[in-house]
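Content type mmCIF, C-alpha atoms and all ligand atoms, from the file run.cif:
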```
data_model
#
loop_
_atom_site.label_atom_id
_atom_site.label_comp_id
_atom_site.auth_asym_id
_atom_site.auth_seq_id
_atom_site.Cartn_x
_atom_site.Cartn_y
_atom_site.Cartn_z
CA MET A 634 21.23 -8.98 70.48
CA SER A 635 22.09 -7.38 67.14
CA ASN A 636 19.69 -5.95 64.63
CA TRP A 637 20.27 -8.67 61.99
CA GLN A 638 18.65 -6.63 59.26
CA GLU A 639 21.18 -3.88 59.86
CA VAL A 640 24.10 -6.34 60.00
CA ASP A 641 22.89 -7.91 56.75
CA THR A 642 22.87 -4.54 54.98
CA TYR A 643 26.45 -3.84 56.03
CA VAL A 644 27.74 -7.30 55.05
CA LYS A 645 26.19 -7.12 51.60
CA HIS A 646 27.72 -3.72 50.99
CA TRP A 647 31.17 -4.73 52.30
CA ILE A 648 31.31 -8.08 50.53
CA LYS A 649 30.56 -6.46 47.16
CA GLU A 650 33.18 -3.78 47.74
CA ALA A 651 35.76 -6.38 48.83
CA GLY A 652 34.91 -8.41 45.70
CA ASP A 653 35.45 -5.35 43.56
CA ARG A 654 38.89 -4.86 45.08
CA ILE A 655 39.75 -8.51 44.42
CA ARG A 656 38.70 -8.22 40.77
CA LYS A 657 40.85 -5.10 40.42
CA SER A 658 43.81 -6.98 41.95
CA PHE A 659 43.92 -9.25 38.87
CA LYS A 660 45.81 -6.45 37.11
CA SER A 661 48.59 -6.23 39.71
CA GLN A 662 51.41 -8.57 40.70
CA LEU A 663 50.42 -11.06 43.42
CA ASN A 664 52.64 -11.78 46.38
CA ILE A 665 52.21 -15.55 46.87
CA GLN A 666 53.46 -17.45 49.90
CA THR A 667 52.96 -20.96 51.23
CA LYS A 668 51.62 -21.90 54.69
CA SER A 669 51.48 -25.49 56.03
CA ASN A 670 52.80 -27.08 52.80
CA ARG A 671 53.77 -26.10 49.24
CA ASN A 672 50.14 -26.38 48.03
CA ASP A 673 48.66 -24.34 50.89
CA LEU A 674 48.82 -20.87 49.35
CA VAL A 675 48.17 -17.41 50.70
CA THR A 676 48.49 -14.09 48.91
CA ASN A 677 48.60 -10.44 49.88
CA VAL A 678 45.00 -10.22 48.58
CA ASP A 679 43.79 -12.88 51.08
CA GLN A 680 45.41 -10.89 53.89
CA GLU A 681 44.25 -7.47 52.70
CA THR A 682 40.69 -8.71 52.24
CA GLU A 683 40.53 -10.14 55.77
CA GLN A 684 41.91 -6.84 57.13
CA TYR A 685 39.34 -4.92 55.07
CA PHE A 686 36.49 -6.72 56.86
CA ILE A 687 38.07 -6.61 60.30
CA GLU A 688 38.59 -2.86 60.19
CA ARG A 689 34.96 -2.27 59.29
CA ILE A 690 33.50 -4.79 61.75
CA ARG A 691 35.58 -3.37 64.62
CA ASN A 692 34.41 0.19 63.83
CA THR A 693 30.74 -0.65 63.30
CA PHE A 694 30.15 -3.55 65.71
CA PRO A 695 32.82 -3.18 68.42
CA ASP A 696 31.28 -5.86 70.64
CA HIS A 697 31.34 -8.57 67.94
CA TYR A 698 34.12 -11.18 67.73
CA ILE A 699 35.96 -12.30 64.61
CA LEU A 700 37.49 -15.62 63.60
CA GLY A 701 39.46 -15.15 60.39
CA GLU A 702 41.56 -17.66 58.47
CA GLU A 703 44.54 -15.34 58.10
CA GLY A 704 44.73 -14.75 61.84
CA PHE A 705 43.93 -11.03 62.11
CA GLY A 706 40.82 -11.69 64.21
CA ASP A 707 40.36 -12.84 67.80
CA ASP A 708 41.58 -15.91 69.61
CA LEU A 709 38.26 -17.48 70.61
CA LYS A 710 37.72 -19.97 73.41
CA ASP A 711 33.94 -20.34 73.25
CA THR A 712 30.94 -19.52 71.06
CA GLU A 713 29.36 -16.91 73.31
CA GLY A 714 28.29 -13.63 71.72
CA THR A 715 28.26 -12.68 68.04
CA ILE A 716 31.10 -14.20 66.01
CA TRP A 717 31.96 -13.42 62.39
CA ILE A 718 33.73 -16.41 60.79
CA ILE A 719 35.57 -15.19 57.72
CA ASP A 720 37.40 -16.82 54.85
CA PRO A 721 38.57 -13.84 52.78
CA ILE A 722 39.31 -16.05 49.76
CA ASP A 723 38.13 -19.64 49.80
CA GLY A 724 39.83 -21.41 46.91
CA THR A 725 43.11 -19.51 46.95
CA MET A 726 44.71 -22.10 44.66
CA ASN A 727 42.01 -21.35 42.08
CA PHE A 728 42.42 -17.62 42.66
CA VAL A 729 46.15 -17.89 41.92
CA HIS A 730 46.01 -20.39 39.05
CA GLN A 731 42.65 -19.68 37.40
CA GLN A 732 41.36 -16.28 38.56
CA ARG A 733 37.96 -17.94 39.04
CA ASN A 734 36.19 -20.57 41.19
CA PHE A 735 36.87 -18.85 44.50
CA ALA A 736 34.63 -17.02 46.96
CA ILE A 737 34.48 -14.76 49.99
CA SER A 738 32.76 -16.68 52.78
CA ILE A 739 31.26 -15.12 55.91
CA GLY A 740 29.14 -16.89 58.53
CA ILE A 741 27.77 -14.94 61.50
CA TYR A 742 26.85 -16.92 64.61
CA HIS A 743 25.21 -15.80 67.84
CA ASP A 744 25.78 -17.96 70.92
CA GLY A 745 26.72 -20.80 68.57
CA GLU A 746 23.64 -20.48 66.36
CA GLY A 747 24.03 -19.61 62.66
CA MET A 748 22.23 -16.33 61.95
CA LEU A 749 23.59 -14.98 58.64
CA GLY A 750 25.55 -16.71 55.87
CA TYR A 751 27.22 -15.24 52.74
CA ILE A 752 29.20 -16.85 49.95
CA TYR A 753 30.21 -14.44 47.22
CA ASP A 754 31.37 -15.87 43.90
CA VAL A 755 33.49 -12.84 43.06
CA VAL A 756 34.11 -13.49 39.36
CA HIS A 757 30.50 -14.35 38.49
CA ASP A 758 29.25 -11.59 40.82
CA GLU A 759 26.80 -14.04 42.43
CA LEU A 760 26.00 -13.63 46.11
CA TYR A 761 24.52 -16.59 47.96
CA HIS A 762 23.01 -15.37 51.23
CA ALA A 763 20.74 -16.58 53.99
CA ARG A 764 19.27 -15.30 57.21
CA LYS A 765 18.03 -17.85 59.68
CA GLY A 766 14.27 -18.23 59.32
CA HIS A 767 14.08 -15.81 56.37
CA GLY A 768 15.15 -18.07 53.50
CA ALA A 769 18.24 -18.44 51.35
CA PHE A 770 18.88 -16.61 48.09
CA MET A 771 21.24 -16.32 45.15
CA ASP A 772 21.18 -12.56 44.55
CA ASP A 773 17.42 -11.80 44.48
CA MET A 774 16.32 -15.33 43.60
CA GLN A 775 15.01 -17.37 46.52
CA LEU A 776 16.50 -20.88 46.71
CA LYS A 777 13.96 -23.69 46.77
CA PRO A 778 13.69 -26.20 49.61
CA LEU A 779 15.94 -29.18 48.77
CA GLU A 780 14.12 -32.30 47.64
CA GLU A 781 15.09 -35.92 48.13
CA VAL A 782 17.02 -37.65 45.37
CA ASP A 783 18.06 -41.23 44.76
CA ILE A 784 21.75 -42.02 45.21
CA ARG A 785 21.95 -43.22 41.59
CA ASP A 786 20.58 -39.87 40.34
CA SER A 787 22.84 -37.71 42.47
CA ILE A 788 25.94 -35.64 41.77
CA ILE A 789 28.35 -35.49 44.71
CA GLY A 790 31.18 -33.03 45.29
CA VAL A 791 34.22 -35.03 46.37
CA ASN A 792 37.93 -34.66 45.75
CA ALA A 793 39.66 -37.58 43.99
CA LEU A 794 42.33 -37.42 46.70
CA TRP A 795 40.02 -39.32 49.09
CA VAL A 796 39.96 -42.42 46.90
CA THR A 797 43.76 -42.51 46.67
CA GLU A 798 46.20 -43.36 49.46
CA ASN A 799 45.84 -40.52 51.99
CA ASN A 800 46.20 -40.09 55.71
CA ARG A 801 42.58 -39.31 56.67
CA ILE A 802 40.33 -42.06 55.30
CA ASP A 803 40.82 -45.62 54.09
CA ARG A 804 40.98 -45.23 50.30
CA GLU A 805 38.53 -48.14 49.84
CA VAL A 806 35.62 -46.48 51.70
CA LEU A 807 34.37 -43.96 49.14
CA GLY A 808 35.05 -46.06 46.00
CA PRO A 809 31.62 -47.76 45.97
CA LEU A 810 29.81 -44.43 46.44
CA VAL A 811 31.81 -42.78 43.66
CA ARG A 812 30.92 -45.72 41.40
CA ASP A 813 27.19 -45.71 42.26
CA VAL A 814 26.34 -42.00 41.98
CA ARG A 815 25.51 -40.37 38.65
CA GLY A 816 28.65 -38.24 38.81
CA THR A 817 31.23 -36.55 41.00
CA ARG A 818 32.59 -33.00 40.87
CA SER A 819 35.43 -31.15 42.55
CA TYR A 820 35.56 -27.35 42.31
CA GLY A 821 38.36 -26.56 44.76
CA SER A 822 36.38 -24.19 46.97
CA ALA A 823 34.51 -25.73 49.89
CA ALA A 824 32.38 -22.60 50.26
CA LEU A 825 31.29 -22.64 46.61
CA GLU A 826 30.63 -26.38 46.78
CA MET A 827 28.37 -25.80 49.78
CA ALA A 828 26.65 -22.92 47.94
CA TYR A 829 26.06 -25.37 45.09
CA VAL A 830 24.48 -27.87 47.50
CA ALA A 831 22.22 -25.09 48.85
CA SER A 832 21.18 -24.11 45.32
CA GLY A 833 20.71 -27.71 44.12
CA ARG A 834 23.53 -27.65 41.54
CA ILE A 835 25.04 -30.64 43.27
CA ASP A 836 23.23 -32.97 45.67
CA GLY A 837 25.95 -33.33 48.29
CA TYR A 838 29.51 -32.40 49.17
CA MET A 839 31.89 -34.30 51.42
CA THR A 840 35.46 -33.77 52.49
CA MET A 841 37.75 -35.05 55.22
CA ARG A 842 39.12 -31.88 56.76
CA LEU A 843 37.79 -28.33 56.81
CA ALA A 844 38.30 -25.38 59.11
CA PRO A 845 35.39 -23.36 60.56
CA TRP A 846 35.90 -20.56 57.99
CA ASP A 847 35.47 -23.09 55.15
CA PHE A 848 32.05 -24.33 56.28
CA ALA A 849 30.55 -21.63 58.57
CA ALA A 850 28.56 -19.80 55.89
CA GLY A 851 27.69 -22.89 53.84
CA LYS A 852 26.18 -24.62 56.86
CA ILE A 853 23.75 -21.73 57.40
CA LEU A 854 22.76 -21.61 53.72
CA ILE A 855 22.22 -25.36 53.39
CA GLU A 856 20.25 -25.70 56.62
CA GLU A 857 18.01 -22.81 55.61
CA VAL A 858 16.83 -24.82 52.57
CA GLY A 859 16.36 -28.03 54.55
CA GLY A 860 19.71 -29.72 53.88
CA VAL A 861 21.83 -31.55 56.44
CA VAL A 862 25.39 -30.62 57.45
CA THR A 863 27.38 -32.87 59.80
CA SER A 864 30.78 -34.46 60.07
CA LEU A 865 31.30 -37.57 57.91
CA ASP A 866 30.28 -39.78 60.83
CA GLY A 867 27.06 -37.83 61.34
CA LYS A 868 28.03 -35.63 64.29
CA GLU A 869 27.11 -32.00 64.72
CA LEU A 870 29.86 -29.58 63.61
CA ASN A 871 31.59 -27.42 66.18
CA ILE A 872 32.04 -23.96 64.65
CA LEU A 873 35.38 -23.44 66.40
CA GLN A 874 36.94 -26.76 65.37
CA LYS A 875 38.33 -28.45 62.27
CA SER A 876 36.29 -31.41 61.09
CA SER A 877 35.30 -33.62 58.20
CA VAL A 878 32.15 -32.26 56.54
CA PHE A 879 29.25 -34.09 54.92
CA SER A 880 26.56 -31.78 53.53
CA CYS A 881 23.64 -33.15 51.60
CA LYS A 882 20.04 -33.03 50.57
CA PRO A 883 17.70 -34.46 53.20
CA GLY A 884 17.16 -38.21 52.77
CA LEU A 885 20.31 -38.59 50.67
CA HIS A 886 22.38 -37.80 53.76
CA GLU A 887 20.81 -40.69 55.72
CA ASN A 888 20.92 -43.06 52.74
CA ILE A 889 24.61 -42.47 52.03
CA GLN A 890 25.43 -42.84 55.69
CA ALA A 891 23.52 -46.08 56.05
CA SER A 892 24.83 -47.63 52.83
CA TYR A 893 28.43 -46.41 52.59
CA LEU A 894 29.62 -44.78 55.81
CA LYS A 895 28.52 -47.14 58.59
CA GLY A 896 31.11 -47.41 61.36
CA ILE A 897 33.50 -45.15 59.47
CA SER A 898 36.64 -44.08 61.30
CA LEU A 899 38.74 -41.12 60.27
CA ASN A 900 42.25 -40.15 61.26
CA SER A 901 42.46 -36.68 62.72
C1 LIG A 1001 40.53 -24.62 50.83
C2 LIG A 1001 39.42 -24.89 49.84
C3 LIG A 1001 39.50 -26.32 49.32
C4 LIG A 1001 39.45 -27.33 50.45
C5 LIG A 1001 40.57 -27.03 51.43
C6 LIG A 1001 40.46 -25.61 51.96
P1 LIG A 1001 41.49 -22.11 51.06
O1 LIG A 1001 40.44 -23.31 51.37
O2 LIG A 1001 38.16 -24.70 50.41
O3 LIG A 1001 38.43 -26.58 48.44
O4 LIG A 1001 39.59 -28.61 49.92
O5 LIG A 1001 40.50 -27.95 52.50
O6 LIG A 1001 41.53 -25.35 52.85
O7 LIG A 1001 42.79 -22.50 51.67
O8 LIG A 1001 41.56 -21.94 49.61
O9 LIG A 1001 40.85 -20.95 51.77
CA CA A 1002 39.09 -21.95 52.88
CA CA A 1003 41.18 -18.91 52.46
#
```

What does the file become when written as structure tokens?
Amino acid sequence: MSNWQEVDTYVKHWIKEAGDRIRKSFKSQLNIQTKSNRNDLVTNVDQETEQYFIERIRNTFPDHYILGEEGFGDDLKDTEGTIWIIDPIDGTMNFVHQQRNFAISIGIYHDGEGMLGYIYDVVHDELYHARKGHGAFMDDMQLKPLEEVDIRDSIIGVNALWVTENNRIDREVLGPLVRDVRGTRSYGSAALEMAYVASGRIDGYMTMRLAPWDFAAGKILIEEVGGVVTSLDGKELNILQKSSVFSCKPGLHENIQASYLKGISLNS
């Protein structure tokens, strides 16, 4: 088993250095390409950042495995051993269009259990981090345990797409929830939205389809402060599989499920 304190020291150092490189990249010309569709963007900076981490992890922790969005890591079949799940830039569309509202996201799991989570808001230089059993923090400030909140007083992160015609969820399902909550927000970075749930800036975040690198770090952060992270139909997330994600304050998670999501079926 790894010395988590030592791993934590390395990650914090690397993530800050990678962030610094990303900020410097604002001055140079981006090479932008599309992946699965014309809105699914990737840049040379996404790829270079993933390679930056992989090189260092391989040299320092040669027996660790890596699952990276841009595909430079390992092809994993199971959750045995120590796995780094990396999204080098979560919110690439924001990175390209806004040069803000994106993050580096790293979750480290051992035998399927979340041990260390990091979400680095590069532009604000804010690092959300957690170590299982040792609390969650934004920089040096410890995040408070999440408290229950009434649905009508809550702010939920949800993309407007899910209440329009789409191919994952019946557009009618989330309308009543959107109407009943105090407000909704959509920031365009799943990792940041989960960091905001962990730090209480929003009360919940839900979406119909995320990959492991989108939610791996956020799950660790939110659970460390007593929040709940499942699929939309309340099932445990598999850290090697794509899934819907429903992350929330305790209590609110059960209340929203009971009142708005009963018997929900999603298209995969
Ligand atoms: C995306 C962002 C976005 C979410 C998408 C993700 P990427 O990640 O997290 O908020 O809605 O599903 O794919 O592609 O910018 O790393
Ligand atoms: Ca992502
Ligand atoms: Ca990404």

For chain A against ligand CA 1003 (chain A), with a cut-off of 6 Å and counting only C-alpha atoms and all ligand atoms, what is the closest atom pair and its distance in Å to one decimal for every residue that makes the cut, ordered by chain and number, as a tab-separated table?
```
residue	atom	partner	partner_atom	distance
A:Asp720	CA	A:CA1003	CA	4.9
A:Pro721	CA	A:CA1003	CA	5.7
A:Ile722	CA	A:CA1003	CA	4.4
A:Asp723	CA	A:CA1003	CA	4.1
A:Thr725	CA	A:CA1003	CA	5.9
```

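In this structure, CA of Gln732 (chain A) sits 25.1 Å away from CA of Asp773 (chain A).
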
So which residues touch Tyr838 (chain A) within 9 Å, counting only C-alpha atoms, skipping near sequence neighbours fewer than 3 positions away, as a compact mmCIF listing (two decimals) with C-alpha atoms, keeping the file's coordinate frame?
```txt
# COMPACT_ATOMS: atom_id res chain seq x y z
CA ILE A 788 25.94 -35.64 41.77
CA ILE A 789 28.35 -35.49 44.71
CA GLY A 790 31.18 -33.03 45.29
CA VAL A 791 34.22 -35.03 46.37
CA ARG A 818 32.59 -33.00 40.87
CA SER A 819 35.43 -31.15 42.55
CA ALA A 823 34.51 -25.73 49.89
CA GLU A 826 30.63 -26.38 46.78
CA MET A 827 28.37 -25.80 49.78
CA TYR A 829 26.06 -25.37 45.09
CA VAL A 830 24.48 -27.87 47.50
CA ILE A 835 25.04 -30.64 43.27
CA VAL A 878 32.15 -32.26 56.54
CA PHE A 879 29.25 -34.09 54.92
CA SER A 880 26.56 -31.78 53.53
CA CYS A 881 23.64 -33.15 51.60
```

Write out as a Markdown table a residue-level contact list of chain A versus ligand CA 1002 (chain A) with cut-off 12 Å: for each qualifying residue the closest pair of atoms and the distance in Å to one decimal, counting only C-alpha atoms and all ligand atoms, rows sorted by chain and residue number upward.
```
| residue | atom | partner | partner_atom | distance |
| --- | --- | --- | --- | --- |
| A:Asp673 | CA | A:CA1002 | CA | 10.1 |
| A:Leu674 | CA | A:CA1002 | CA | 10.4 |
| A:Val675 | CA | A:CA1002 | CA | 10.4 |
| A:Asp679 | CA | A:CA1002 | CA | 10.4 |
| A:Gly701 | CA | A:CA1002 | CA | 10.1 |
| A:Glu702 | CA | A:CA1002 | CA | 7.5 |
| A:Glu703 | CA | A:CA1002 | CA | 10.0 |
| A:Ile718 | CA | A:CA1002 | CA | 11.0 |
| A:Ile719 | CA | A:CA1002 | CA | 9.0 |
| A:Asp720 | CA | A:CA1002 | CA | 5.7 |
| A:Pro721 | CA | A:CA1002 | CA | 8.1 |
| A:Ile722 | CA | A:CA1002 | CA | 6.7 |
| A:Asp723 | CA | A:CA1002 | CA | 4.0 |
| A:Gly724 | CA | A:CA1002 | CA | 6.0 |
| A:Thr725 | CA | A:CA1002 | CA | 7.6 |
| A:Met726 | CA | A:CA1002 | CA | 10.0 |
| A:Asn727 | CA | A:CA1002 | CA | 11.2 |
| A:Phe728 | CA | A:CA1002 | CA | 11.6 |
| A:Phe735 | CA | A:CA1002 | CA | 9.2 |
| A:Ala736 | CA | A:CA1002 | CA | 8.9 |
| A:Ile737 | CA | A:CA1002 | CA | 9.0 |
| A:Ser738 | CA | A:CA1002 | CA | 8.2 |
| A:Ile739 | CA | A:CA1002 | CA | 10.8 |
| A:Ile752 | CA | A:CA1002 | CA | 11.5 |
| A:Gly821 | CA | A:CA1002 | CA | 9.4 |
| A:Ser822 | CA | A:CA1002 | CA | 6.9 |
| A:Ala823 | CA | A:CA1002 | CA | 6.6 |
| A:Ala824 | CA | A:CA1002 | CA | 7.2 |
| A:Leu825 | CA | A:CA1002 | CA | 10.0 |
| A:Glu826 | CA | A:CA1002 | CA | 11.3 |
| A:Met827 | CA | A:CA1002 | CA | 11.8 |
| A:Arg842 | CA | A:CA1002 | CA | 10.7 |
| A:Leu843 | CA | A:CA1002 | CA | 7.6 |
| A:Ala844 | CA | A:CA1002 | CA | 7.2 |
| A:Pro845 | CA | A:CA1002 | CA | 8.6 |
| A:Trp846 | CA | A:CA1002 | CA | 6.2 |
| A:Asp847 | CA | A:CA1002 | CA | 4.4 |
| A:Phe848 | CA | A:CA1002 | CA | 8.2 |
| A:Ala849 | CA | A:CA1002 | CA | 10.3 |
| A:Ala850 | CA | A:CA1002 | CA | 11.2 |
| A:Gly851 | CA | A:CA1002 | CA | 11.5 |
| A:Lys875 | CA | A:CA1002 | CA | 11.4 |
```

Could you save the residues just selected, with C-alpha atoms, as a CSV table (one decimal), keeping the file's coordinate frame?
```csv
chain,number,residue,atom,x,y,z
A,673,ASP,CA,48.7,-24.3,50.9
A,674,LEU,CA,48.8,-20.9,49.4
A,675,VAL,CA,48.2,-17.4,50.7
A,679,ASP,CA,43.8,-12.9,51.1
A,701,GLY,CA,39.5,-15.2,60.4
A,702,GLU,CA,41.6,-17.7,58.5
A,703,GLU,CA,44.5,-15.3,58.1
A,718,ILE,CA,33.7,-16.4,60.8
A,719,ILE,CA,35.6,-15.2,57.7
A,720,ASP,CA,37.4,-16.8,54.8
A,721,PRO,CA,38.6,-13.8,52.8
A,722,ILE,CA,39.3,-16.0,49.8
A,723,ASP,CA,38.1,-19.6,49.8
A,724,GLY,CA,39.8,-21.4,46.9
A,725,THR,CA,43.1,-19.5,47.0
A,726,MET,CA,44.7,-22.1,44.7
A,727,ASN,CA,42.0,-21.4,42.1
A,728,PHE,CA,42.4,-17.6,42.7
A,735,PHE,CA,36.9,-18.8,44.5
A,736,ALA,CA,34.6,-17.0,47.0
A,737,ILE,CA,34.5,-14.8,50.0
A,738,SER,CA,32.8,-16.7,52.8
A,739,ILE,CA,31.3,-15.1,55.9
A,752,ILE,CA,29.2,-16.8,50.0
A,821,GLY,CA,38.4,-26.6,44.8
A,822,SER,CA,36.4,-24.2,47.0
A,823,ALA,CA,34.5,-25.7,49.9
A,824,ALA,CA,32.4,-22.6,50.3
A,825,LEU,CA,31.3,-22.6,46.6
A,826,GLU,CA,30.6,-26.4,46.8
A,827,MET,CA,28.4,-25.8,49.8
A,842,ARG,CA,39.1,-31.9,56.8
A,843,LEU,CA,37.8,-28.3,56.8
A,844,ALA,CA,38.3,-25.4,59.1
A,845,PRO,CA,35.4,-23.4,60.6
A,846,TRP,CA,35.9,-20.6,58.0
A,847,ASP,CA,35.5,-23.1,55.2
A,848,PHE,CA,32.0,-24.3,56.3
A,849,ALA,CA,30.6,-21.6,58.6
A,850,ALA,CA,28.6,-19.8,55.9
A,851,GLY,CA,27.7,-22.9,53.8
A,875,LYS,CA,38.3,-28.4,62.3
```

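The shortest atom-to-atom distance to Gly884 (chain A), with all atoms listed in the file taken into account, belongs to A:Gly860 out of A:Gly860, A:Gly808, A:Gly768, A:Gly740.
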
Worksheet item: Which of these residues is nearest to Gly750 (chain A), using only C-alpha atoms: A:Asp772, A:Arg834, A:Glu798, A:His762?
Response: A:His762

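With all atoms listed in the file as the basis for measurement, A:Thr840 is the residue among A:Thr840, A:Asn734, A:Ser661, A:Asn636 that approaches Asp866 (chain A) most closely.
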
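From CA of Gly714 (chain A) back to CA of Tyr761 (chain A), the distance works out to 24.2 Å.
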
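Between CA of Asn670 (chain A) and atom C4 of ligand LIG 1001 (chain A) the separation is 13.6 Å.
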
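If you measure from each of A:Gly896, A:Gly652, A:Pro883, A:Pro809 to Leu760 (chain A) using all atoms listed in the file, the closest one turns out to be A:Gly652.
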
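In terms of minimum interatomic distance to Leu749 (chain A), A:Glu856 ranks closest within A:Asp711, A:Glu856, A:Glu869, A:Glu887, counting only C-alpha atoms.
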
Report as JSON the centre and the edge lengths, in Å to one decimal, of the axis-aligned box holding every listed atom of ligand LIG 1001 (chain A), padded by 8 Å on each side.
```
{"center_x": 40.5, "center_y": -24.8, "center_z": 50.6, "size_x": 20.6, "size_y": 23.7, "size_z": 20.4}
```

Some atoms are missing, so please complete region 737-751 of chain A with N, CA and C atoms and return it as a PDB file, in the frame of the given file.
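The result, stored in rebuild.pdb:
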```pdb
ATOM      1  N   ILE A 737      34.371 -15.307  48.632  1.00  0.00           N
ATOM      2  CA  ILE A 737      34.480 -14.760  49.990  1.00  0.00           C
ATOM      3  C   ILE A 737      33.393 -15.455  50.792  1.00  0.00           C
ATOM      4  N   SER A 738      33.742 -15.947  51.974  1.00  0.00           N
ATOM      5  CA  SER A 738      32.760 -16.680  52.780  1.00  0.00           C
ATOM      6  C   SER A 738      32.667 -16.065  54.176  1.00  0.00           C
ATOM      7  N   ILE A 739      31.463 -15.712  54.572  1.00  0.00           N
ATOM      8  CA  ILE A 739      31.260 -15.120  55.910  1.00  0.00           C
ATOM      9  C   ILE A 739      30.041 -15.769  56.571  1.00  0.00           C
ATOM     10  N   GLY A 740      30.258 -16.367  57.737  1.00  0.00           N
ATOM     11  CA  GLY A 740      29.140 -16.890  58.530  1.00  0.00           C
ATOM     12  C   GLY A 740      29.083 -16.118  59.843  1.00  0.00           C
ATOM     13  N   ILE A 741      27.905 -15.694  60.242  1.00  0.00           N
ATOM     14  CA  ILE A 741      27.770 -14.940  61.500  1.00  0.00           C
ATOM     15  C   ILE A 741      26.917 -15.760  62.474  1.00  0.00           C
ATOM     16  N   TYR A 742      27.506 -16.075  63.611  1.00  0.00           N
ATOM     17  CA  TYR A 742      26.850 -16.920  64.610  1.00  0.00           C
ATOM     18  C   TYR A 742      26.594 -16.130  65.877  1.00  0.00           C
ATOM     19  N   HIS A 743      25.475 -16.427  66.542  1.00  0.00           N
ATOM     20  CA  HIS A 743      25.210 -15.800  67.840  1.00  0.00           C
ATOM     21  C   HIS A 743      24.992 -16.898  68.872  1.00  0.00           C
ATOM     22  N   ASP A 744      25.811 -16.901  69.898  1.00  0.00           N
ATOM     23  CA  ASP A 744      25.780 -17.960  70.920  1.00  0.00           C
ATOM     24  C   ASP A 744      25.762 -19.349  70.269  1.00  0.00           C
ATOM     25  N   GLY A 745      26.551 -19.503  69.229  1.00  0.00           N
ATOM     26  CA  GLY A 745      26.720 -20.800  68.570  1.00  0.00           C
ATOM     27  C   GLY A 745      25.685 -21.106  67.493  1.00  0.00           C
ATOM     28  N   GLU A 746      24.703 -20.221  67.338  1.00  0.00           N
ATOM     29  CA  GLU A 746      23.640 -20.480  66.360  1.00  0.00           C
ATOM     30  C   GLU A 746      23.879 -19.654  65.088  1.00  0.00           C
ATOM     31  N   GLY A 747      23.794 -20.300  63.936  1.00  0.00           N
ATOM     32  CA  GLY A 747      24.030 -19.610  62.660  1.00  0.00           C
ATOM     33  C   GLY A 747      22.921 -18.629  62.357  1.00  0.00           C
ATOM     34  N   MET A 748      23.251 -17.361  62.196  1.00  0.00           N
ATOM     35  CA  MET A 748      22.230 -16.330  61.950  1.00  0.00           C
ATOM     36  C   MET A 748      22.246 -15.817  60.511  1.00  0.00           C
ATOM     37  N   LEU A 749      23.472 -15.557  59.983  1.00  0.00           N
ATOM     38  CA  LEU A 749      23.590 -14.980  58.640  1.00  0.00           C
ATOM     39  C   LEU A 749      24.732 -15.693  57.902  1.00  0.00           C
ATOM     40  N   GLY A 750      24.502 -16.043  56.647  1.00  0.00           N
ATOM     41  CA  GLY A 750      25.550 -16.710  55.870  1.00  0.00           C
ATOM     42  C   GLY A 750      25.680 -16.069  54.487  1.00  0.00           C
ATOM     43  N   TYR A 751      26.938 -15.888  54.042  1.00  0.00           N
ATOM     44  CA  TYR A 751      27.220 -15.240  52.740  1.00  0.00           C
ATOM     45  C   TYR A 751      28.343 -15.972  52.032  1.00  0.00           C
TER      46      TYR A 751
END
```
